[in-house]
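The structure file start31.txt is reproduced below (compact mmCIF, C-alpha atoms).
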```
# COMPACT_ATOMS: atom_id res chain seq x y z
CA MET T 20 21.04 -40.79 22.60
CA ASN T 21 23.75 -39.67 20.22
CA THR T 22 21.36 -39.89 17.29
CA TRP T 23 18.89 -37.60 19.03
CA LYS T 24 21.73 -35.20 19.91
CA ASP T 25 22.89 -35.14 16.30
CA PHE T 26 19.37 -34.65 15.00
CA ARG T 27 18.78 -31.78 17.44
CA ARG T 28 21.98 -30.11 16.31
CA ILE T 29 21.06 -30.52 12.63
CA LEU T 30 17.63 -29.10 13.39
CA ILE T 31 19.08 -26.04 15.17
CA GLU T 32 21.63 -25.38 12.43
CA GLU T 33 19.11 -25.74 9.65
CA THR T 34 16.63 -23.50 11.47
CA ILE T 35 19.31 -20.81 11.70
CA ARG T 36 19.96 -21.28 7.98
CA LEU T 37 16.20 -21.04 7.34
CA MET T 38 16.09 -17.68 9.10
CA ALA T 39 18.98 -16.39 6.98
CA LEU T 40 17.59 -17.81 3.73
CA GLU T 41 14.21 -16.21 4.38
CA VAL T 42 15.97 -12.86 4.12
CA VAL T 43 18.16 -13.75 1.14
CA ILE T 44 15.68 -15.76 -0.96
CA GLY T 45 12.34 -15.01 0.71
CA LEU T 46 12.14 -11.29 1.32
CA THR T 47 14.33 -9.88 -1.45
CA PRO T 48 11.94 -10.82 -4.34
CA ILE T 49 9.02 -9.33 -2.38
CA GLY T 50 10.79 -5.98 -2.07
CA ILE T 51 11.82 -6.01 -5.73
CA ALA T 52 8.28 -6.93 -6.89
CA ASP T 53 6.78 -4.21 -4.71
CA ALA T 54 9.24 -1.62 -6.02
CA MET T 55 8.31 -2.62 -9.58
CA GLY T 56 4.69 -1.73 -8.78
CA VAL T 57 3.20 -5.23 -8.80
CA GLU T 58 -0.47 -5.38 -7.72
CA SER T 59 -1.22 -6.48 -4.17
CA GLN T 60 -2.72 -9.83 -5.24
CA SER T 61 0.36 -10.66 -7.33
CA LEU T 62 2.56 -9.48 -4.47
CA TYR T 63 0.91 -12.00 -2.15
CA ARG T 64 1.53 -14.72 -4.75
CA VAL T 65 5.21 -13.75 -5.09
CA ALA T 66 5.48 -13.70 -1.28
CA SER T 67 3.92 -17.13 -0.83
CA VAL T 68 6.29 -18.68 -3.41
CA SER T 69 9.48 -16.93 -2.31
CA LEU T 70 8.88 -17.44 1.41
CA SER T 71 8.10 -21.14 0.98
CA ILE T 72 11.29 -21.95 -1.01
CA PRO T 73 13.57 -21.68 2.10
CA VAL T 74 11.11 -23.90 4.02
CA VAL T 75 11.44 -26.56 1.29
CA ILE T 76 15.25 -26.22 1.48
CA TRP T 77 15.01 -26.54 5.29
CA VAL T 78 13.06 -29.82 5.09
CA VAL T 79 15.27 -31.26 2.33
CA MET T 80 18.48 -30.37 4.16
CA ILE T 81 17.27 -31.94 7.42
CA VAL T 82 16.28 -35.13 5.59
CA ILE T 83 19.57 -35.34 3.64
CA ARG T 84 21.78 -34.62 6.64
CA THR T 85 19.85 -37.02 8.90
CA ARG T 86 19.89 -39.83 6.33
CA LYS T 87 23.57 -39.30 5.61
CA LYS T 88 24.28 -39.85 9.30
CA GLU T 89 27.09 -37.37 9.00
CA LYS T 90 29.75 -37.46 11.59
CA LEU T 91 29.35 -34.12 13.29
CA THR T 92 32.50 -32.36 14.29
CA GLN T 93 32.90 -30.99 17.76
CA VAL T 94 30.79 -27.92 18.39
CA MET T 95 32.84 -24.80 17.90
CA THR T 96 32.81 -22.45 20.86
CA ARG T 97 34.09 -19.67 18.62
CA TRP T 98 33.26 -19.20 14.97
CA LEU T 99 36.03 -17.65 12.91
CA MET T 100 36.00 -16.18 9.43
CA ASP T 101 37.26 -18.50 6.71
CA ARG T 102 37.50 -18.33 2.90
CA LYS T 103 33.85 -19.37 2.49
CA GLY T 104 32.85 -16.57 4.83
CA TRP T 105 34.74 -13.98 2.78
CA ILE T 106 33.07 -15.19 -0.43
CA ALA T 107 29.65 -14.89 1.26
CA LEU T 108 30.55 -11.41 2.50
CA GLY T 109 31.58 -10.35 -1.02
CA VAL T 110 28.42 -11.74 -2.60
CA GLY T 111 26.26 -10.14 0.11
CA THR T 112 27.94 -6.75 -0.32
CA ILE T 113 27.49 -6.80 -4.11
CA LEU T 114 23.81 -7.81 -3.78
CA THR T 115 23.20 -5.10 -1.16
CA ILE T 116 24.79 -2.42 -3.35
CA LEU T 117 22.68 -3.55 -6.33
CA LEU T 118 19.53 -3.43 -4.17
CA VAL T 119 20.41 0.03 -2.85
CA VAL T 120 21.03 1.33 -6.39
CA PHE T 121 17.71 -0.19 -7.58
CA TYR T 122 15.67 1.26 -4.70
CA SER T 123 17.40 4.63 -5.03
CA LEU T 124 16.54 4.76 -8.73
CA LYS T 125 12.93 4.00 -7.82
CA GLY T 126 13.05 6.78 -5.23
CA LEU T 127 12.26 4.45 -2.33
CA LEU T 128 15.36 5.17 -0.25
CA THR T 129 16.28 8.46 1.32
CA GLU T 130 19.83 9.77 1.34
CA GLY T 131 20.03 9.04 5.08
CA ALA T 132 18.97 5.42 4.57
CA VAL T 133 21.63 4.92 1.86
CA ILE T 134 24.32 6.29 4.19
CA ALA T 135 23.08 4.04 7.04
CA ILE T 136 23.20 0.95 4.79
CA LEU T 137 26.75 1.80 3.63
CA LEU T 138 27.87 2.29 7.24
CA ILE T 139 26.41 -1.11 8.16
CA GLN T 140 28.35 -2.62 5.23
CA PHE T 141 31.59 -1.13 6.54
CA PHE T 142 30.77 -2.48 10.00
CA VAL T 143 30.18 -5.99 8.58
CA ILE T 144 33.45 -5.90 6.60
CA GLY T 145 35.25 -4.72 9.74
CA LEU T 146 33.72 -7.53 11.81
CA GLY T 147 34.76 -10.04 9.13
CA ALA T 148 38.31 -8.69 9.11
CA TRP T 149 38.51 -8.86 12.92
CA LEU T 150 37.29 -12.48 12.97
CA SER T 151 39.75 -13.33 10.19
CA LEU T 152 42.66 -11.78 12.06
CA ARG T 153 41.73 -13.67 15.20
CA ARG T 154 41.75 -16.89 13.19
CA ASN T 155 45.23 -16.14 11.85
CA ARG T 156 46.55 -15.48 15.36
CA GLN T 157 45.34 -18.86 16.64
CA MET E 28 -69.06 38.00 -6.36
CA LYS E 29 -66.15 40.34 -5.94
CA THR E 30 -64.72 38.11 -3.20
CA LYS E 31 -64.93 35.09 -5.53
CA ILE E 32 -62.91 36.87 -8.27
CA VAL E 33 -60.26 37.97 -5.77
CA TYR E 34 -60.09 34.40 -4.39
CA LYS E 35 -59.64 32.90 -7.90
CA PHE E 36 -56.92 35.47 -8.69
CA VAL E 37 -55.01 34.67 -5.49
CA VAL E 38 -55.15 30.89 -6.16
CA LEU E 39 -53.89 31.41 -9.73
CA LEU E 40 -51.08 33.61 -8.46
CA ILE E 41 -49.98 30.98 -5.93
CA LEU E 42 -50.01 28.24 -8.59
CA LEU E 43 -47.94 30.31 -11.00
CA THR E 44 -45.44 31.17 -8.25
CA LEU E 45 -45.02 27.48 -7.37
CA LEU E 46 -44.57 26.51 -11.01
CA PHE E 47 -41.85 29.06 -11.71
CA SER E 48 -39.98 28.51 -8.46
CA THR E 49 -39.36 24.80 -9.24
CA SER E 50 -38.24 25.21 -12.87
CA GLY E 51 -35.40 27.68 -12.09
CA SER E 52 -31.91 26.66 -10.95
CA VAL E 53 -29.51 28.59 -8.79
CA THR E 54 -25.74 28.29 -8.67
CA GLN E 55 -23.09 30.70 -7.52
CA ALA E 56 -20.39 29.26 -9.76
CA SER E 57 -19.58 30.62 -13.19
CA THR E 58 -20.96 28.43 -15.93
CA THR E 59 -19.81 27.44 -19.37
CA GLU E 60 -21.99 24.41 -19.95
CA THR E 61 -25.26 23.50 -18.27
CA THR E 62 -27.29 20.29 -18.26
CA SER E 63 -30.76 20.88 -16.93
CA LEU E 64 -33.37 18.44 -15.63
CA ASP E 65 -35.18 18.34 -18.96
CA GLU E 66 -32.03 17.46 -20.95
CA CYS E 67 -30.56 14.81 -18.65
CA GLY E 68 -32.49 11.68 -17.77
CA CYS E 69 -29.88 10.45 -15.27
CA CYS E 70 -30.12 13.67 -13.32
CA LEU E 71 -33.82 13.02 -12.77
CA GLN E 72 -32.99 9.69 -11.13
CA THR E 73 -30.24 11.02 -8.88
CA GLY E 74 -32.16 14.14 -7.98
CA ALA E 75 -29.38 16.35 -9.31
CA LYS E 76 -30.41 19.79 -10.35
CA GLN E 77 -27.46 21.05 -12.29
CA VAL E 78 -24.06 19.95 -13.56
CA VAL E 79 -21.67 22.81 -14.27
CA ILE E 80 -18.21 22.60 -15.84
CA LEU E 81 -16.03 25.00 -13.84
CA THR E 82 -13.59 27.52 -15.29
CA GLN E 83 -10.11 27.98 -13.80
CA GLU E 84 -11.11 31.42 -12.47
CA ASP E 85 -14.05 30.03 -10.55
CA PRO E 86 -13.92 31.21 -6.90
CA TYR E 87 -15.00 27.75 -5.68
CA LEU E 88 -12.11 26.10 -7.52
CA ILE E 89 -9.59 28.71 -6.37
CA ALA E 90 -10.69 28.24 -2.74
CA LEU E 91 -10.54 24.45 -3.12
CA LYS E 92 -7.01 24.51 -4.59
CA LEU E 93 -5.75 26.37 -1.53
CA THR E 94 -6.91 23.77 0.99
CA ALA E 95 -4.39 21.53 2.76
CA GLU E 96 -6.53 18.44 2.01
CA VAL E 97 -6.17 18.98 -1.74
CA LYS E 98 -2.40 19.27 -1.41
CA SER E 99 -2.43 16.06 0.62
CA ALA E 100 -4.57 14.33 -2.03
CA GLU E 101 -2.13 15.43 -4.74
CA ASP E 102 0.77 13.97 -2.75
CA ASN E 103 -0.99 10.68 -2.04
CA PHE E 104 -2.91 10.02 -5.25
CA GLY E 105 -1.71 11.92 -8.31
CA THR E 106 -2.30 14.89 -10.55
CA LEU E 107 -5.68 16.59 -10.24
CA LEU E 108 -7.15 17.47 -13.63
CA TRP E 109 -8.53 20.90 -12.73
CA ASP E 110 -9.56 21.69 -16.32
CA GLN E 111 -12.09 18.82 -16.14
CA ALA E 112 -13.56 19.81 -12.77
CA TYR E 113 -17.31 20.21 -12.49
CA LEU E 114 -19.84 21.24 -9.91
CA GLN E 115 -23.02 19.43 -9.08
CA SER E 116 -25.81 20.80 -6.96
CA THR E 117 -28.88 18.94 -5.80
CA GLU E 118 -32.39 20.15 -5.38
CA VAL E 119 -33.01 18.69 -1.95
CA ASN E 120 -29.63 19.30 -0.36
CA PRO E 121 -27.86 22.62 0.30
CA TRP E 122 -24.52 20.90 -0.40
CA GLN E 123 -22.75 21.48 -3.68
CA VAL E 124 -20.17 18.94 -4.81
CA ILE E 125 -17.09 19.72 -6.90
CA THR E 126 -15.72 16.70 -8.73
CA VAL E 127 -12.13 16.64 -10.00
CA PRO E 128 -10.72 13.64 -11.93
CA ILE E 129 -7.34 12.33 -10.72
CA GLU E 130 -4.59 11.04 -12.98
CA ASN E 131 -2.89 8.32 -10.92
CA LYS E 132 -0.37 6.18 -12.79
CA HIS E 133 0.18 3.85 -9.81
CA THR E 134 -3.25 2.26 -9.88
CA LYS E 135 -5.80 0.85 -12.30
CA GLU E 136 -8.58 2.57 -10.37
CA THR E 137 -10.56 5.41 -11.86
CA GLN E 138 -10.18 8.06 -9.17
CA LEU E 139 -12.18 11.21 -8.52
CA LEU E 140 -11.84 13.85 -5.85
CA PHE E 141 -15.14 14.92 -4.31
CA ALA E 142 -15.26 18.21 -2.42
CA GLY E 143 -18.57 19.05 -0.78
CA THR E 144 -19.26 22.62 0.28
CA GLN E 145 -22.11 24.75 1.52
CA ASP E 146 -20.47 28.16 1.68
CA GLY E 147 -17.76 27.88 -0.98
CA ASN E 148 -14.97 28.32 1.56
CA THR E 149 -14.96 25.19 3.70
CA PHE E 150 -14.84 21.79 2.02
CA ARG E 151 -15.32 18.17 2.99
CA ILE E 152 -13.02 16.16 0.75
CA LEU E 153 -13.06 12.47 -0.17
CA VAL E 154 -11.39 10.49 -2.93
CA PHE E 155 -13.50 7.95 -4.78
CA GLY E 156 -11.91 4.97 -6.53
CA LEU E 157 -13.60 2.57 -8.92
CA GLU E 158 -11.97 -0.61 -10.20
CA VAL E 159 -13.77 -2.78 -12.72
CA GLU E 160 -12.69 -6.41 -12.95
CA LYS E 161 -14.63 -7.30 -16.07
CA PRO E 162 -14.46 -5.21 -19.25
CA THR E 163 -17.44 -2.91 -19.58
CA ASN E 164 -20.01 -4.07 -22.10
CA GLU E 165 -23.79 -4.22 -22.06
CA ASP E 166 -23.86 -7.34 -19.87
CA ALA E 167 -21.23 -6.03 -17.48
CA GLN E 168 -23.28 -2.90 -16.85
CA GLN E 169 -26.02 -5.13 -15.53
CA SER E 170 -23.60 -7.28 -13.53
CA PHE E 171 -20.80 -5.11 -12.22
CA SER E 172 -17.75 -6.89 -10.84
CA GLY E 173 -15.16 -4.82 -9.10
CA SER E 174 -14.66 -2.56 -6.14
CA LEU E 175 -15.81 0.85 -4.97
CA LYS E 176 -13.55 2.66 -2.56
CA PHE E 177 -13.55 5.88 -0.61
CA TYR E 178 -10.32 7.32 0.73
CA GLU E 179 -9.37 10.21 2.95
CA PRO E 180 -7.11 12.79 1.24
CA THR E 181 -4.25 11.36 3.32
CA GLY E 182 -4.61 8.06 1.43
CA ASN E 183 -6.34 6.08 4.18
CA LEU E 184 -9.03 3.77 2.88
CA ILE E 185 -12.27 4.39 4.77
CA TYR E 186 -14.77 2.35 2.78
CA LEU E 187 -14.44 -0.61 0.43
CA GLY E 188 -17.33 -2.32 -1.32
CA VAL E 189 -16.56 -5.42 -3.39
CA TYR E 190 -19.11 -6.39 -6.05
CA GLN E 191 -19.40 -9.69 -7.90
CA ASP E 192 -21.85 -9.88 -10.81
CA GLY E 193 -23.80 -6.93 -9.50
CA ILE E 194 -24.06 -8.30 -5.95
CA LEU E 195 -22.36 -6.64 -3.01
CA LYS E 196 -20.10 -9.36 -1.62
CA GLU E 197 -18.03 -7.56 0.97
CA VAL E 198 -18.02 -4.25 2.78
CA VAL E 199 -15.01 -3.07 4.71
CA ASN E 200 -15.65 0.05 6.71
CA GLN E 201 -12.37 1.33 8.09
CA THR E 202 -14.01 3.87 10.37
CA ASP E 203 -15.29 1.19 12.74
CA GLU E 204 -12.60 -1.42 12.18
CA VAL E 205 -10.70 -3.24 14.92
CA ARG E 206 -7.12 -2.02 15.13
CA GLY E 207 -4.59 -4.40 13.69
CA LEU E 208 -1.72 -4.97 11.30
CA ASP E 209 -2.06 -3.91 7.66
CA TRP E 210 -0.50 -7.01 6.10
CA GLY E 211 -0.01 -5.47 2.65
CA CYS E 212 1.90 -2.58 4.15
CA PHE E 213 3.87 -4.91 6.45
CA LEU E 214 4.88 -7.22 3.60
CA SER E 215 5.94 -4.30 1.47
CA CYS E 216 7.88 -2.78 4.38
CA ILE E 217 9.81 -5.91 5.40
CA GLY E 218 10.38 -6.81 1.73
CA LYS E 219 12.16 -3.52 1.20
CA ASN E 220 13.84 -2.78 4.53
CA ILE E 221 15.11 -6.11 5.88
CA PRO E 222 17.04 -7.25 2.76
CA THR E 223 18.69 -3.85 2.25
CA TYR E 224 19.97 -3.69 5.83
CA CYS E 225 20.50 -7.38 6.69
CA LEU E 226 21.38 -9.09 3.38
CA THR E 227 25.16 -9.29 3.88
CA LEU E 228 24.87 -10.47 7.49
CA CYS E 229 22.32 -13.14 6.55
CA THR E 230 24.27 -14.30 3.46
CA ILE E 231 27.32 -15.03 5.65
CA CYS E 232 25.03 -16.72 8.21
CA ALA E 233 23.41 -18.89 5.52
CA GLY E 234 26.89 -20.05 4.46
CA ALA E 235 27.88 -21.13 7.97
CA ALA E 236 24.72 -21.68 9.99
CA VAL E 237 26.05 -22.46 13.44
CA PRO E 238 24.92 -20.92 16.72
CA ALA E 239 28.46 -19.69 17.43
CA ASN E 240 28.53 -17.56 14.26
CA PRO E 241 28.31 -13.89 15.34
CA PHE E 242 26.87 -12.98 11.92
CA CYS E 243 23.84 -15.20 12.66
CA ILE E 244 23.23 -13.37 15.94
CA ALA E 245 23.57 -10.06 14.09
CA CYS E 246 21.23 -11.33 11.33
CA ALA E 247 18.58 -12.35 13.89
CA GLY E 248 18.87 -8.99 15.62
CA CYS E 249 18.61 -7.16 12.30
CA ILE E 250 15.46 -9.13 11.31
CA GLY E 251 13.87 -8.51 14.72
CA TYR E 252 14.59 -4.80 14.62
CA GLY E 253 13.34 -4.47 11.02
CA ALA E 254 10.14 -6.40 11.80
CA PHE E 255 9.49 -4.24 14.88
CA ILE E 256 9.93 -1.02 12.86
CA CYS E 257 7.55 -2.33 10.16
CA ILE E 258 4.93 -3.40 12.72
CA VAL E 259 4.99 0.08 14.24
CA GLU E 260 4.78 1.68 10.77
CA CYS E 261 1.91 -0.54 9.54
CA TRP E 262 -0.23 -0.76 12.69
CA ARG E 263 -3.62 0.73 11.82
```
As structure tokens, the full file:
Amino acid sequence: MNTWKDFRRILIEETIRLMALEVVIGLTPIGIADAMGVESQSLYRVASVSLSIPVVIWVVMIVIRTRKKEKLTQVMTRWLMDRKGWIALGVGTILTILLVVFYSLKGLLTEGAVIAILLIQFFVIGLGAWLSLRRNRQ
Amino acid sequence: MKTKIVYKFVVLLILLTLLFSTSGSVTQASTTETTSLDECGCCLQTGAKQVVILTQEDPYLIALKLTAEVKSAEDNFGTLLWDQAYLQSTEVNPWQVITVPIENKHTKETQLLFAGTQDGNTFRILVFGLEVEKPTNEDAQQSFSGSLKFYEPTGNLIYLGVYQDGILKEVVNQTDEVRGLDWGCFLSCIGKNIPTYCLTLCTICAGAAVPANPFCIACAGCIGYGAFICIVECWR
């Protein structure tokens, strides 16, 4: 029973990671290739490779974690920002800014879109700070 | 006897009239260079009567430049090479067709703007695109591999014919197509929009992929919203 419970939890967590990785690894190269003016046939090839990499990671991670029989910690009711989270936020912000600069240079983003993206970045940093403060209070 | 002579004269007159009426060519456009039936073998096959290179002061060209469709074609395809525009009229059809080459750096297609007119004021405009897969040589002329396309000035593809070794393999006629998602457009849209808006949220989520992580909920919402916007944008 416990094994099934653990497996189900691993499956859910890795599926969530798959969703996130599809954006980070899967969709980003497609947008960059399209902005560089790659032909539609090549674009489909880039898409099939980049979108399948997170699926491979998903399968590998499930296999590794299931085989390892890792002792799963108690499910957190509240997730709070830690050091790893801040590093991810920093990396994400830098990558987003680089993407925005690249698309702007290619003339694919309007001024309004750039402002909207920057506002979302501020919102994300604010959310991170709030979750971090809540962690410190506990 | 007198009646016979008059009869012969009338028949001769009719014959001469018929002969001269077919050899002449009529065009309202100003001409700088003319290729007649006798000089051009290809014109005989297509039934074309005259090919005329148009000057910049030509009233047909001036009227064409002012149309909204041409402005739309310039926005969606590229620069129209007006100095290379020419007019073609056919013997059997009252339509006259102005052809303007397009310089489009975003495609490998050879593109031409076709503007058909009867009165010189109203035009029916289409953009023709030709893409050759194999390099043109004597053999390739016999066995053409590539695609022929017709677009609306707005950029919408309305006809696509794919040829393989001179044989028509596929025809896509957008005018009678079933409505659906344009996957090329959708892929391009989500590839650009979702990472720019959701990258930070999804990077944090990928680092700590647990259901309780609010960044994962935000990432899922961001993907859903972006996908919905792209579906709406690319639904044809």
With 9 Å as the limit and counting only C-alpha atoms, what residues in chain E lie close to chain T? Please list them as a ChimeraX atom specification. /E:133-134,211,214-243,246-247,250
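The space separating atom CA of Val154 of chain E from atom CA of Ser116 of chain E comes to 18.2 Å.
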Any idea what's packed within 7 Å of Cys261 of chain E, counting all atoms listed in the file, ignoring anything in its chain fewer than 6 positions away? Could you give it as an NGL selection string? :E and (208-209 or 212-213)
For atom CA of Leu108 of chain E and atom CA of Lys132 of chain E, the interatomic separation in Å (one decimal): 13.2 Å
Nearby residues (only C-alpha atoms) at most 9 Å from Pro121 of chain E, same-chain spacing under 3 positions excluded, as a PyMOL selection string: chain E and resi 116-118+144-145
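Here atom CA of Ile80 of chain E and atom CA of Gln115 of chain E stand 8.9 Å from one another.
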Taking (-12.9, -1.7, -10.0) in the file's coordinates as the center, which residues reach within 7 Å of it, counting only C-alpha atoms, put as a PDB file with C-alpha atoms, in the coordinates of the input?
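Contents of the output file selection27.pdb:
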```
ATOM      1  CA  GLU E 136      -8.580   2.570 -10.370  1.00  0.00           C
ATOM      2  CA  LEU E 157     -13.600   2.570  -8.920  1.00  0.00           C
ATOM      3  CA  GLU E 158     -11.970  -0.610 -10.200  1.00  0.00           C
ATOM      4  CA  VAL E 159     -13.770  -2.780 -12.720  1.00  0.00           C
ATOM      5  CA  GLU E 160     -12.690  -6.410 -12.950  1.00  0.00           C
ATOM      6  CA  GLY E 173     -15.160  -4.820  -9.100  1.00  0.00           C
ATOM      7  CA  SER E 174     -14.660  -2.560  -6.140  1.00  0.00           C
ATOM      8  CA  LEU E 175     -15.810   0.850  -4.970  1.00  0.00           C
TER       9      LEU E 175
END
```
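Checking T:Leu30, T:Val68, T:Leu152, T:Met55 one by one against Lys125 of chain T, counting all atoms listed in the file, you find the shortest gap at T:Met55.
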Counting all atoms listed in the file, which of E:Ile185, E:Leu195, E:Ala245, E:Leu140 gets nearest to Phe142 of chain T? E:Ala245
For the point (-1.9, 12.5, -2.8) in file coordinates, what residues are within 12 Å, counting all atoms listed in the file? Give the answer as a ChimeraX atom specification? /E:95-107,129-133,138-140,153-154,178-183
Regenerate segment 189-197 of chain E at the level of all heavy atoms and dump it as an mmCIF file, in the coordinates of the input.
```
data_model
loop_
_atom_site.group_PDB
_atom_site.id
_atom_site.type_symbol
_atom_site.label_atom_id
_atom_site.label_comp_id
_atom_site.auth_asym_id
_atom_site.auth_seq_id
_atom_site.Cartn_x
_atom_site.Cartn_y
_atom_site.Cartn_z
ATOM 1 N N VAL E 189 -16.963 -4.499 -2.314
ATOM 2 C CA VAL E 189 -16.560 -5.420 -3.390
ATOM 3 C C VAL E 189 -17.818 -6.019 -4.014
ATOM 4 O O VAL E 189 -18.658 -6.595 -3.304
ATOM 5 C CB VAL E 189 -15.631 -6.534 -2.869
ATOM 6 C CG1 VAL E 189 -15.203 -7.457 -3.992
ATOM 7 C CG2 VAL E 189 -14.403 -5.929 -2.205
ATOM 8 N N TYR E 190 -17.949 -5.887 -5.330
ATOM 9 C CA TYR E 190 -19.110 -6.390 -6.050
ATOM 10 C C TYR E 190 -18.725 -7.558 -6.950
ATOM 11 O O TYR E 190 -17.660 -7.545 -7.561
ATOM 12 C CB TYR E 190 -19.731 -5.284 -6.915
ATOM 13 C CG TYR E 190 -20.473 -4.246 -6.121
ATOM 14 C CD1 TYR E 190 -19.790 -3.206 -5.492
ATOM 15 C CD2 TYR E 190 -21.858 -4.302 -5.983
ATOM 16 C CE1 TYR E 190 -20.454 -2.248 -4.748
ATOM 17 C CE2 TYR E 190 -22.538 -3.349 -5.248
ATOM 18 C CZ TYR E 190 -21.830 -2.332 -4.633
ATOM 19 O OH TYR E 190 -22.509 -1.402 -3.901
ATOM 20 N N GLN E 191 -19.593 -8.554 -7.003
ATOM 21 C CA GLN E 191 -19.400 -9.690 -7.900
ATOM 22 C C GLN E 191 -20.708 -9.908 -8.657
ATOM 23 O O GLN E 191 -21.733 -10.190 -8.038
ATOM 24 C CB GLN E 191 -19.039 -10.933 -7.070
ATOM 25 C CG GLN E 191 -18.541 -12.110 -7.880
ATOM 26 C CD GLN E 191 -17.093 -11.928 -8.333
ATOM 27 O OE1 GLN E 191 -16.244 -11.568 -7.543
ATOM 28 N NE2 GLN E 191 -16.834 -12.155 -9.604
ATOM 29 N N ASP E 192 -20.667 -9.748 -9.953
ATOM 30 C CA ASP E 192 -21.850 -9.880 -10.810
ATOM 31 C C ASP E 192 -23.038 -9.054 -10.281
ATOM 32 O O ASP E 192 -24.167 -9.542 -10.178
ATOM 33 C CB ASP E 192 -22.244 -11.354 -10.952
ATOM 34 C CG ASP E 192 -21.179 -12.132 -11.696
ATOM 35 O OD1 ASP E 192 -20.576 -11.553 -12.618
ATOM 36 O OD2 ASP E 192 -20.935 -13.286 -11.339
ATOM 37 N N GLY E 193 -22.749 -7.853 -9.932
ATOM 38 C CA GLY E 193 -23.800 -6.930 -9.500
ATOM 39 C C GLY E 193 -24.242 -7.086 -8.070
ATOM 40 O O GLY E 193 -25.104 -6.344 -7.611
ATOM 41 N N ILE E 194 -23.645 -8.060 -7.346
ATOM 42 C CA ILE E 194 -24.060 -8.300 -5.950
ATOM 43 C C ILE E 194 -22.944 -7.843 -5.013
ATOM 44 O O ILE E 194 -21.772 -8.182 -5.228
ATOM 45 C CB ILE E 194 -24.385 -9.797 -5.718
ATOM 46 C CG1 ILE E 194 -25.520 -10.209 -6.640
ATOM 47 C CG2 ILE E 194 -24.741 -10.076 -4.265
ATOM 48 C CD1 ILE E 194 -25.617 -11.690 -6.872
ATOM 49 N N LEU E 195 -23.328 -7.105 -3.997
ATOM 50 C CA LEU E 195 -22.360 -6.640 -3.010
ATOM 51 C C LEU E 195 -21.898 -7.820 -2.162
ATOM 52 O O LEU E 195 -22.684 -8.433 -1.442
ATOM 53 C CB LEU E 195 -22.994 -5.562 -2.125
ATOM 54 C CG LEU E 195 -22.087 -4.926 -1.068
ATOM 55 C CD1 LEU E 195 -20.917 -4.190 -1.689
ATOM 56 C CD2 LEU E 195 -22.884 -3.977 -0.187
ATOM 57 N N LYS E 196 -20.619 -8.166 -2.298
ATOM 58 C CA LYS E 196 -20.100 -9.360 -1.620
ATOM 59 C C LYS E 196 -19.450 -9.024 -0.283
ATOM 60 O O LYS E 196 -19.488 -9.818 0.648
ATOM 61 C CB LYS E 196 -19.054 -10.055 -2.510
ATOM 62 C CG LYS E 196 -19.653 -10.766 -3.705
ATOM 63 C CD LYS E 196 -20.221 -12.097 -3.301
ATOM 64 C CE LYS E 196 -20.891 -12.785 -4.472
ATOM 65 N NZ LYS E 196 -21.634 -13.960 -4.067
ATOM 66 N N GLU E 197 -18.788 -7.874 -0.243
ATOM 67 C CA GLU E 197 -18.030 -7.560 0.970
ATOM 68 C C GLU E 197 -17.994 -6.056 1.185
ATOM 69 O O GLU E 197 -17.848 -5.294 0.239
ATOM 70 C CB GLU E 197 -16.596 -8.087 0.816
ATOM 71 C CG GLU E 197 -15.777 -8.004 2.066
ATOM 72 C CD GLU E 197 -14.303 -8.324 1.820
ATOM 73 O OE1 GLU E 197 -13.937 -8.687 0.686
ATOM 74 O OE2 GLU E 197 -13.530 -8.182 2.757
#
```
